[in-house]
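So the structure is just underneath, and the comments pick up after that.
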Amino acid sequence: MNAEILCVGTELLLGDVVNTNATHIAKGLAQLGVNVYHQSVVGDNAGRLKQALCEAFERSDLVILTGGLGPTYDDLTKETVAAYFGRPMEMRKDCLAAIEGYFKKTGRVMTKNNRKQAMMPKDAVVLPNAYGTAPGCIVEGGGKAAILMPGPPREMKQMFDGPVTEYLSRHSQGVLVSRSVNIFGVGESAVEERLRDTLMKSEDPTVAPYAKASEVLLRVTTRAETKEEGYRKIGPVVSQILEIFPDNVYGLDCGSIEEAAVGYLKAFGLTAAAAESCTGGLVAKRITDLPGASEVFGLGVCAYANEMKEAVLGVRHETLLKHGAVSRETALEMARGVRAVSGADIGVSTTGIAGPGGGTGGKPVGLVYVAAVSAAGEEVLELHLSREREDDRENIRLMASSYALSLVIRMARQCKRGQKEEGDAGKSTRRA
């Protein structure tokens with residue numbers, strides 16, 4: 001089955017609203033094994049909507065539409081779809097009762113134009129709306145089908161994840177199965193070069209690279225009868241990628257590098273603390289944005305001034321005088337200090353020049369030092385982060401925080417290996 005996503009709304013074209021609906025639908029269709037080759041956005045205009053709908057059905061068997069189901073005169077999605085299938089519009093008493101019940105439940109007054117939302121193409125399958133007044137519907141005919149859902153994401157998602165997914169599951173053949181390999185610290189061009197043969201020859205499973213901020217995501221995908229069969233087909237390719245990038249893959253199917261860091265800390269029973277200068281608390285924010293972060297993160301220190309680096313983190317005055325705040329030595333002492341103050345297993349730190357000013361010939365904007373300290377060892381990274389624009393301060397801070405999180409992951413792995421080696425040594429002694 002080939003599907004197309006058609007989102008209706010002038011606000012989408014003007015950029016007033018971010019089109020998150022298309023993302024949610026596309027991901028859901030991929031999981032159901034439904035091919036999506038086109039996505040479109042059209043404004044609230046009857047002529048252009050009709051043209052977009054006809055073009056979509058020329059390419060696809062199924063068109064999923066969002067938006068244009070409201071009570072006002074310019075909400076014309078149902079009427080346009082009904083005309084395409086040659087169906088008259090009719091009042092659905094069940095829909096009208098549901099709309100009236102919604103207004104009664106919320107204590108609002110129902111206006112006359114809300115009755116328009118109970119009008120449906122003849123013989124359409126109604127999709128109830130648990131969070132709003134606009135029911136959706138499914139219209140079929142001539143080997144084609146249109147699924148209409150409301151525009152507000154909260155209303156659309158419950159409808160798509162429920163009755164729409166059930167409908168599509170009955171019509172889809174097989175499933176698309178994919179795994180995402182998250183790589184950090186290697187550029188997209190370097191990943192492509194080292195995986196050239198795999199990327200060029202990969203037909204089933206396919207391997208597709210996607211560049212993200214400071215990282216690369218490799219999506220390995222196959223079509224199979226069942227998810228279990230799909231994962232078996234994907235497994236060898238994922239293993240090959242892990243062998244090529246053993247130190248750069250931070251996780252599989254991770255939403256973000258901070259999710260991976262928190263996941264490793266939880267899995268290994270470790271804690272972390274952060275001392276930040278140039279990132280201004282961004283490392284701590286990215287960690288604590290996640291539910292359950294309190295289990296693994298107890299302290300974040302934003303020590304911008306040198307006096308605070310000395311007083312709170314124990315950075316030596318001599319170190320600052322000799323090497324400066326932006327230096328390998330200061331970063332290391334910051335990481336040691338926050339680990340000591342917090343009692344955490346891992347201390348991580350950032351210090352650098354985010355710009356746009358403050359750089360010198362010896363220490364330019366974009367120079368950042370990231371350090372991590374644990375019982376397994378110490379490590380410091382000297383980063384020269386690219387500055388594409390004079391105002392690229394936020395990009396430098398974001399990349400620096402990502403490198404800090406990558407060091408947390410690396411230290412967590414090293415701590416785990418150390419625990420395993422100690423355990424193995426203990427077992428060996430007992431056997432002797």
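Residue numbering restarts at 1 in every chain; chains get A, B, ... in the order shown in the structure tokens, and ligands count up from 1 in that same order.
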**Request:** Could you pull out the residues in region 54-201 of chain A that DSSP calls alpha helix (DSSP H) from the backbone, as an NGL selection string?
**Result:** :A and (54-59 or 77-84 or 93-106 or 153-159 or 165-171 or 188-194 or 196-201)
Please save C-alpha atoms of the selected residues as an mmCIF file, in the first residue's frame.
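As a result, out_33.cif now contains:
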```cif
data_model
loop_
_atom_site.group_PDB
_atom_site.id
_atom_site.type_symbol
_atom_site.label_atom_id
_atom_site.label_comp_id
_atom_site.auth_asym_id
_atom_site.auth_seq_id
_atom_site.Cartn_x
_atom_site.Cartn_y
_atom_site.Cartn_z
ATOM 1 C CA CYS A 54 -6.433 14.597 -7.243
ATOM 2 C CA GLU A 55 -2.646 14.676 -7.656
ATOM 3 C CA ALA A 56 -2.184 12.661 -4.470
ATOM 4 C CA PHE A 57 -4.595 9.937 -5.627
ATOM 5 C CA GLU A 58 -2.804 9.719 -8.979
ATOM 6 C CA ARG A 59 0.307 8.647 -7.061
ATOM 7 C CA THR A 77 -11.750 19.041 3.670
ATOM 8 C CA LYS A 78 -14.766 16.734 4.083
ATOM 9 C CA GLU A 79 -16.702 18.436 1.316
ATOM 10 C CA THR A 80 -13.761 18.214 -1.103
ATOM 11 C CA VAL A 81 -13.155 14.535 -0.355
ATOM 12 C CA ALA A 82 -16.877 13.781 -0.677
ATOM 13 C CA ALA A 83 -16.936 15.446 -4.104
ATOM 14 C CA TYR A 84 -13.898 13.432 -5.238
ATOM 15 C CA LYS A 93 -27.003 11.889 14.317
ATOM 16 C CA ASP A 94 -24.381 9.914 16.246
ATOM 17 C CA CYS A 95 -21.767 12.585 15.475
ATOM 18 C CA LEU A 96 -24.161 15.386 16.409
ATOM 19 C CA ALA A 97 -24.938 13.703 19.742
ATOM 20 C CA ALA A 98 -21.215 13.313 20.460
ATOM 21 C CA ILE A 99 -20.572 17.007 19.686
ATOM 22 C CA GLU A 100 -23.468 18.132 21.866
ATOM 23 C CA GLY A 101 -22.197 15.878 24.658
ATOM 24 C CA TYR A 102 -18.721 17.406 24.380
ATOM 25 C CA PHE A 103 -20.074 20.940 24.809
ATOM 26 C CA LYS A 104 -22.221 19.863 27.736
ATOM 27 C CA LYS A 105 -19.291 18.131 29.426
ATOM 28 C CA THR A 106 -17.009 21.155 29.033
ATOM 29 C CA PRO A 153 -2.022 17.428 17.226
ATOM 30 C CA ARG A 154 -3.589 16.210 20.480
ATOM 31 C CA GLU A 155 -6.803 15.296 18.683
ATOM 32 C CA MET A 156 -5.054 13.851 15.631
ATOM 33 C CA LYS A 157 -2.633 11.640 17.571
ATOM 34 C CA GLN A 158 -5.269 9.831 19.624
ATOM 35 C CA MET A 159 -7.250 9.202 16.451
ATOM 36 C CA THR A 165 -3.857 2.282 13.131
ATOM 37 C CA GLU A 166 -6.359 -0.554 13.626
ATOM 38 C CA TYR A 167 -7.792 0.111 10.158
ATOM 39 C CA LEU A 168 -4.382 0.231 8.485
ATOM 40 C CA SER A 169 -3.182 -2.903 10.260
ATOM 41 C CA ARG A 170 -5.947 -4.861 8.549
ATOM 42 C CA HIS A 171 -4.856 -3.639 5.119
ATOM 43 C CA GLU A 188 28.806 12.482 8.021
ATOM 44 C CA SER A 189 31.445 12.414 5.264
ATOM 45 C CA ALA A 190 33.772 10.241 7.370
ATOM 46 C CA VAL A 191 30.927 7.843 8.186
ATOM 47 C CA GLU A 192 30.013 7.624 4.503
ATOM 48 C CA GLU A 193 33.616 6.932 3.499
ATOM 49 C CA ARG A 194 34.083 4.126 6.026
ATOM 50 C CA ARG A 196 30.793 3.250 1.419
ATOM 51 C CA ASP A 197 30.584 -0.413 0.360
ATOM 52 C CA THR A 198 27.811 -1.153 2.856
ATOM 53 C CA LEU A 199 25.800 1.905 1.837
ATOM 54 C CA MET A 200 26.201 1.273 -1.891
ATOM 55 C CA LYS A 201 25.376 -2.434 -1.733
#
```
**Selection near Leu242 (chain A), 12 Å with only C-alpha atoms, sequence-local residues under 2 positions removed, as a list of chain:residue names** = A:Ser180, A:Val181, A:Asn182, A:Ile183, A:Leu195, A:Leu218, A:Gly235, A:Pro236, A:Val237, A:Val238, A:Ser239, A:Gln240, A:Ile244, A:Phe245, A:Pro246, A:Asp247, A:Asn248, A:Val249, A:Tyr250, A:Gly251, A:Leu252
Counting only C-alpha atoms, which residues of region 346-430 of chain A fall within 10 Å of region 211-214 of chain A, and what is the closest atom pair for each with its distance in Å at one decimal, ordered by chain and rising number, as JSON lines?
```
{"residue": "A:Leu385", "atom": "CA", "partner": "A:Ser214", "partner_atom": "CA", "distance": 9.9}
{"residue": "A:Asn395", "atom": "CA", "partner": "A:Ala213", "partner_atom": "CA", "distance": 8.5}
{"residue": "A:Ile396", "atom": "CA", "partner": "A:Ser214", "partner_atom": "CA", "distance": 10.0}
{"residue": "A:Leu398", "atom": "CA", "partner": "A:Ala213", "partner_atom": "CA", "distance": 8.3}
{"residue": "A:Met399", "atom": "CA", "partner": "A:Ser214", "partner_atom": "CA", "distance": 6.0}
{"residue": "A:Ala400", "atom": "CA", "partner": "A:Ser214", "partner_atom": "CA", "distance": 9.3}
{"residue": "A:Ser402", "atom": "CA", "partner": "A:Ser214", "partner_atom": "CA", "distance": 7.4}
{"residue": "A:Tyr403", "atom": "CA", "partner": "A:Ser214", "partner_atom": "CA", "distance": 8.6}
```
**Message:** as a ChimeraX atom specification, please: every residue in region 154-299 of chain A that DSSP puts in strand (DSSP E).
**Reply:** /A:175-184,206-212,215-224,249-252,272-276,297-299
**Prompt:** Of the candidates A:Asn19, A:Ser202, A:Ser178, A:Thr350, which one gets nearest to Gln31 (chain A) if we count only C-alpha atoms?
**Reply:** A:Ser178
**Asked** With distances taken over only C-alpha atoms, which of A:Gly292, A:Arg115, A:Arg417, A:Gly185 is nearest to Thr72 (chain A)?
**Response**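 For Thr72 (chain A), the nearest of the given residues is A:Arg115.
Near Ala224 (chain A), within 12 Å and counting only C-alpha atoms, sit Gln31, Leu32, Gly33, Ser172, Gln173, Gly174, Val175, Leu176, Val177, Ser178, Asp204, Pro205, Glu228, Glu229, Gly230, Tyr231, Arg232, Lys233 and Ile234 of chain A; same-chain residues fewer than 4 positions away were not included.
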**Asked** Which value, in Å to one decimal, gives the distance between CA of Thr319 (chain A) and CA of Gly358 (chain A)?
**Response**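 That distance, rounded to one decimal, is 19.7 Å.
The smallest atom-to-atom distance between Phe297 (chain A) and any of A:Val408, A:Ala376, A:Ala30, A:Ile257, using only C-alpha atoms, is found for A:Val408.
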**Request:** Mind giving me the straight-line distance from CA of Leu332 (chain A) to CA of Ala272 (chain A) in Å, one decimal?
**Result:**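 These two atoms are separated by 15.1 Å.
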**Prompt:** Glu4 (chain A): which residues within 12 Å, counting only C-alpha atoms, same-chain residues fewer than 4 positions away excluded, as an MDAnalysis selection string?
**Reply:** chainID A and resid 22 25:26 29 34:41 52:66 144:147
**Message:** Ranking A:Ile5, A:Ala340, A:Val326, A:Leu76 by minimum distance to Gly366 (chain A) and counting only C-alpha atoms, which one comes first?
**Reply:** A:Val326
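Minimum atom-to-atom distance to Gly263 (chain A), evaluated using only C-alpha atoms, belongs to A:Arg413 out of A:Arg223, A:Arg413, A:Val8, A:Lys363.
Take the candidates A:Arg397, A:Lys50, A:His24, A:Lys416 and check each one against Tyr264 (chain A) using only C-alpha atoms; the shortest distance goes to A:Lys416.
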**Message:** Report, in Å to a single decimal, how far apart CA of Ala311 (chain A) and CA of Glu382 (chain A) are.
**Reply:** 24.7 Å
**Asked** Near Ala331 (chain A), within 10 Å and counting only C-alpha atoms, which residues show up once chain neighbours fewer than 5 positions away are dropped, as a ChimeraX atom specification?
**Response** /A:275-277,315,325-326,336-337,348-352,368-372,379-382
Write a file of the selected residues as a compact mmCIF listing (two decimals), in the first residue's frame, keeping all heavy atoms.
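Final file, again-v3.txt:
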```
# COMPACT_ATOMS: atom_id res chain seq x y z
N ALA A 275 30.32 20.24 36.09
CA ALA A 275 30.85 21.57 36.37
C ALA A 275 30.98 22.29 35.03
O ALA A 275 31.71 21.84 34.16
CB ALA A 275 32.20 21.49 37.07
N GLU A 276 30.25 23.39 34.86
CA GLU A 276 30.19 24.03 33.55
C GLU A 276 30.57 25.50 33.61
O GLU A 276 30.21 26.21 34.54
CB GLU A 276 28.77 23.90 32.98
CG GLU A 276 28.27 22.47 32.91
CD GLU A 276 26.87 22.40 32.34
OE1 GLU A 276 26.68 22.84 31.19
OE2 GLU A 276 25.97 21.91 33.05
N SER A 277 31.28 25.90 32.58
CA SER A 277 31.58 27.31 32.41
C SER A 277 30.95 27.79 31.12
O SER A 277 29.88 28.39 31.12
CB SER A 277 33.10 27.55 32.40
OG SER A 277 33.37 28.93 32.33
N VAL A 315 39.50 24.58 42.05
CA VAL A 315 40.52 24.81 41.04
C VAL A 315 41.62 25.69 41.65
O VAL A 315 41.33 26.70 42.29
CB VAL A 315 39.93 25.49 39.79
CG1 VAL A 315 41.02 25.81 38.77
CG2 VAL A 315 38.86 24.61 39.16
N ALA A 325 41.60 30.11 32.37
CA ALA A 325 40.34 29.39 32.61
C ALA A 325 40.03 28.42 31.49
O ALA A 325 39.46 27.36 31.73
CB ALA A 325 39.19 30.38 32.78
N VAL A 326 40.41 28.78 30.27
CA VAL A 326 40.16 27.90 29.12
C VAL A 326 41.44 27.12 28.86
O VAL A 326 42.34 27.57 28.14
CB VAL A 326 39.74 28.71 27.88
CG1 VAL A 326 39.49 27.78 26.70
CG2 VAL A 326 38.49 29.52 28.19
N ARG A 336 37.49 17.10 38.49
CA ARG A 336 37.88 16.48 39.76
C ARG A 336 37.12 17.11 40.92
O ARG A 336 36.64 16.43 41.83
CB ARG A 336 39.38 16.65 39.99
CG ARG A 336 40.28 15.83 39.07
CD ARG A 336 41.72 16.27 39.25
NE ARG A 336 42.65 15.56 38.39
CZ ARG A 336 43.89 15.96 38.14
NH1 ARG A 336 44.35 17.10 38.69
NH2 ARG A 336 44.68 15.26 37.35
N GLY A 337 36.99 18.45 40.86
CA GLY A 337 36.35 19.17 41.96
C GLY A 337 34.88 18.84 42.11
O GLY A 337 34.40 18.58 43.21
N VAL A 348 32.15 15.58 35.20
CA VAL A 348 32.39 16.06 33.85
C VAL A 348 32.42 17.59 33.88
O VAL A 348 31.74 18.22 34.69
CB VAL A 348 31.32 15.54 32.87
CG1 VAL A 348 29.95 16.11 33.20
CG2 VAL A 348 31.69 15.85 31.41
N SER A 349 33.22 18.20 33.00
CA SER A 349 33.33 19.66 33.01
C SER A 349 33.46 20.20 31.60
O SER A 349 33.87 19.49 30.67
CB SER A 349 34.55 20.10 33.83
OG SER A 349 35.75 19.74 33.15
N THR A 350 33.12 21.49 31.45
CA THR A 350 33.29 22.20 30.18
C THR A 350 33.85 23.59 30.48
O THR A 350 33.43 24.25 31.42
CB THR A 350 31.96 22.37 29.44
OG1 THR A 350 31.07 23.18 30.23
CG2 THR A 350 31.30 21.03 29.16
N THR A 351 34.80 24.02 29.68
CA THR A 351 35.29 25.39 29.75
C THR A 351 35.78 25.78 28.37
O THR A 351 36.45 25.00 27.69
CB THR A 351 36.42 25.54 30.79
OG1 THR A 351 36.83 26.92 30.82
CG2 THR A 351 37.61 24.65 30.50
N GLY A 352 35.41 26.97 27.91
CA GLY A 352 35.80 27.34 26.56
C GLY A 352 35.36 28.74 26.21
O GLY A 352 34.89 29.51 27.06
N VAL A 368 37.27 24.77 23.08
CA VAL A 368 36.58 24.25 24.26
C VAL A 368 37.34 23.04 24.78
O VAL A 368 37.82 22.21 24.01
CB VAL A 368 35.13 23.83 23.93
CG1 VAL A 368 34.46 23.19 25.15
CG2 VAL A 368 34.32 25.02 23.45
N TYR A 369 37.44 22.96 26.10
CA TYR A 369 38.00 21.77 26.76
C TYR A 369 36.89 21.08 27.54
O TYR A 369 36.14 21.73 28.29
CB TYR A 369 39.15 22.15 27.68
CG TYR A 369 40.37 22.64 26.96
CD1 TYR A 369 40.58 24.00 26.74
CD2 TYR A 369 41.33 21.74 26.48
CE1 TYR A 369 41.70 24.46 26.06
CE2 TYR A 369 42.46 22.18 25.80
CZ TYR A 369 42.64 23.54 25.59
OH TYR A 369 43.74 23.98 24.91
N VAL A 370 36.77 19.79 27.34
CA VAL A 370 35.80 18.97 28.05
C VAL A 370 36.55 17.87 28.76
O VAL A 370 37.39 17.19 28.15
CB VAL A 370 34.76 18.36 27.09
CG1 VAL A 370 33.77 17.48 27.84
CG2 VAL A 370 34.02 19.45 26.34
N ALA A 371 36.29 17.71 30.05
CA ALA A 371 37.03 16.71 30.84
C ALA A 371 36.04 15.82 31.59
O ALA A 371 34.92 16.22 31.90
CB ALA A 371 37.97 17.39 31.83
N ALA A 372 36.49 14.60 31.86
CA ALA A 372 35.70 13.67 32.67
C ALA A 372 36.65 12.89 33.57
O ALA A 372 37.76 12.52 33.16
CB ALA A 372 34.88 12.73 31.80
N GLU A 379 40.08 11.88 31.42
CA GLU A 379 40.21 12.18 30.00
C GLU A 379 39.85 13.63 29.75
O GLU A 379 38.90 14.15 30.34
CB GLU A 379 39.32 11.25 29.16
CG GLU A 379 39.49 11.44 27.67
CD GLU A 379 38.77 10.39 26.84
OE1 GLU A 379 38.19 9.45 27.43
OE2 GLU A 379 38.78 10.52 25.60
N VAL A 380 40.60 14.27 28.86
CA VAL A 380 40.33 15.66 28.47
C VAL A 380 40.31 15.74 26.95
O VAL A 380 41.21 15.21 26.28
CB VAL A 380 41.40 16.63 29.02
CG1 VAL A 380 41.01 18.07 28.68
CG2 VAL A 380 41.58 16.46 30.51
N LEU A 381 39.29 16.40 26.41
CA LEU A 381 39.19 16.63 24.98
C LEU A 381 39.46 18.10 24.68
O LEU A 381 38.92 18.98 25.36
CB LEU A 381 37.80 16.28 24.46
CG LEU A 381 37.30 14.84 24.65
CD1 LEU A 381 35.88 14.72 24.12
CD2 LEU A 381 38.22 13.85 23.96
N GLU A 382 40.32 18.36 23.70
CA GLU A 382 40.50 19.72 23.20
C GLU A 382 39.71 19.84 21.90
O GLU A 382 40.00 19.14 20.93
CB GLU A 382 41.97 20.03 22.94
CG GLU A 382 42.20 21.44 22.40
CD GLU A 382 43.67 21.75 22.17
OE1 GLU A 382 44.49 21.55 23.10
OE2 GLU A 382 43.99 22.20 21.05
```
